[in-house]
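Heads up, the thing below is written out as structure tokens.
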Amino acid sequence: MKYIKGGSFLMGEDDPESLFVKFLGNNNSHPRHNVIVNDFFIGTYLVTERQWCKGLGLELRGSGQEFPALVLWEEIEAFVGRINEATGLKFRMLTEAEWEYAAR
């Protein structure tokens with residue numbers, strides 16, 4: 001896990017004709033606005049098939065044991081819940097703002 005110091009940044013897009021707004025239909029990105037995020041941690045590596053299956057108590061599927069897990073959004077809550085229960089910690093998915101802040 002990597003520690004990310006919180007801060008603020010401009011999120012979104014001012015140009016309604018941009019590819020981001022026009023073709024992806026992301027109306028939440030318009031207009032550009034200031035967002036403040038608190039400190040958080042982010043995983044340094046993608047979750048592998050092996051980790052995913054172990055975390056959910058499933059048999060390993062496919063041959064890509066060390067490849068990134070390809071999962072459905074709905075499965076993530078179960079995975080995070082099991083990991084939290086097993087570790088006593090409080091993992092969660094990042095918000096859209098946290099993802100964008102970390103990427104920047």
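By order in the structure tokens, chains are A, B, ...; within a chain, residues start at 1; ligands start at 1, following the order shown.
Using only C-alpha atoms, the residues found no farther than 6 Å from stretch 44-53 of chain A, other than those of its own chain fewer than 5 positions away, are Met1, Leu58, Leu60, Gln65, Glu66, Phe67, Pro68 and Ala69 of chain A.
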Mind checking which residues fall within 12 Å of A:Glu77, counting only C-alpha atoms, ignoring those fewer than 3 positions away in the same chain, and posting them as a ChimeraX atom specification?
-> /A:55-56,71-74,80-84,91-93
If you count only C-alpha atoms, which residues fall within 7 Å of A:Pro31, apart from same-chain ones fewer than 2 positions away, as a list in words?
->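 Near A:Pro31, the qualifying residues are Gly12, Glu13, Asp14, Ser29 and His33 of chain A.
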Next, write the just-selected residues to a file, as a short mmCIF file (atom, residue, chain, number, x, y, z; two decimals), in the first residue's frame, keeping N, CA, C and O atoms as the atom set.
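What follows is the written file result32.cif:
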```cif
data_model
loop_
_atom_site.label_atom_id
_atom_site.label_comp_id
_atom_site.auth_asym_id
_atom_site.auth_seq_id
_atom_site.Cartn_x
_atom_site.Cartn_y
_atom_site.Cartn_z
N GLY A 12 -12.56 17.61 -13.52
CA GLY A 12 -13.59 17.82 -14.52
C GLY A 12 -13.06 18.48 -15.78
O GLY A 12 -11.86 18.59 -15.99
N GLU A 13 -13.99 18.94 -16.59
CA GLU A 13 -13.67 19.46 -17.91
C GLU A 13 -14.53 20.68 -18.18
O GLU A 13 -15.74 20.64 -17.97
N ASP A 14 -13.92 21.77 -18.63
CA ASP A 14 -14.67 22.99 -18.95
C ASP A 14 -15.23 22.99 -20.36
O ASP A 14 -16.17 23.71 -20.65
N SER A 29 -18.51 15.47 -15.05
CA SER A 29 -17.18 16.06 -15.20
C SER A 29 -17.25 17.52 -15.62
O SER A 29 -16.24 18.17 -15.77
N HIS A 33 -14.26 21.75 -11.36
CA HIS A 33 -14.51 22.22 -10.00
C HIS A 33 -13.40 21.76 -9.06
O HIS A 33 -12.73 20.77 -9.32
#
```
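With only C-alpha atoms as the atoms that count, the residue of A:Gly43, A:Leu70, A:Asn38, A:Gly88 with the shortest distance to A:Lys2 is A:Gly43.
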If we count only C-alpha atoms, what is near A:Thr95 at a cut-off of 12 Å, once residues fewer than 6 positions away on the same chain are taken out, given as a ChimeraX atom specification?
-> /A:35-38,40-42,101-102
Considering only C-alpha atoms, state which residue in the set A:Leu94, A:Ala103, A:Ile4, A:Leu10 is at the smallest distance from A:Ile76.
-> A:Leu94
Work out how far atom CA of A:Glu75 is from atom CA of A:Lys90, in Å to one decimal.
->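 It comes out at 17.0 Å.
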Taking only C-alpha atoms into account, which of A:Gly57, A:Phe9, A:Glu85, A:Ala78 comes nearest A:Ala97?
->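 Smallest distance to A:Ala97 is found for A:Phe9.
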Among chain A, which ones does DSSP place in strand (DSSP E), written as an MDAnalysis selection string?
-> chainID A and resid 2:4 7:11 33:37 40:42
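Taking atom CA of A:Lys5 and atom CA of A:Glu100 as the two end points, the separation is 13.5 Å.
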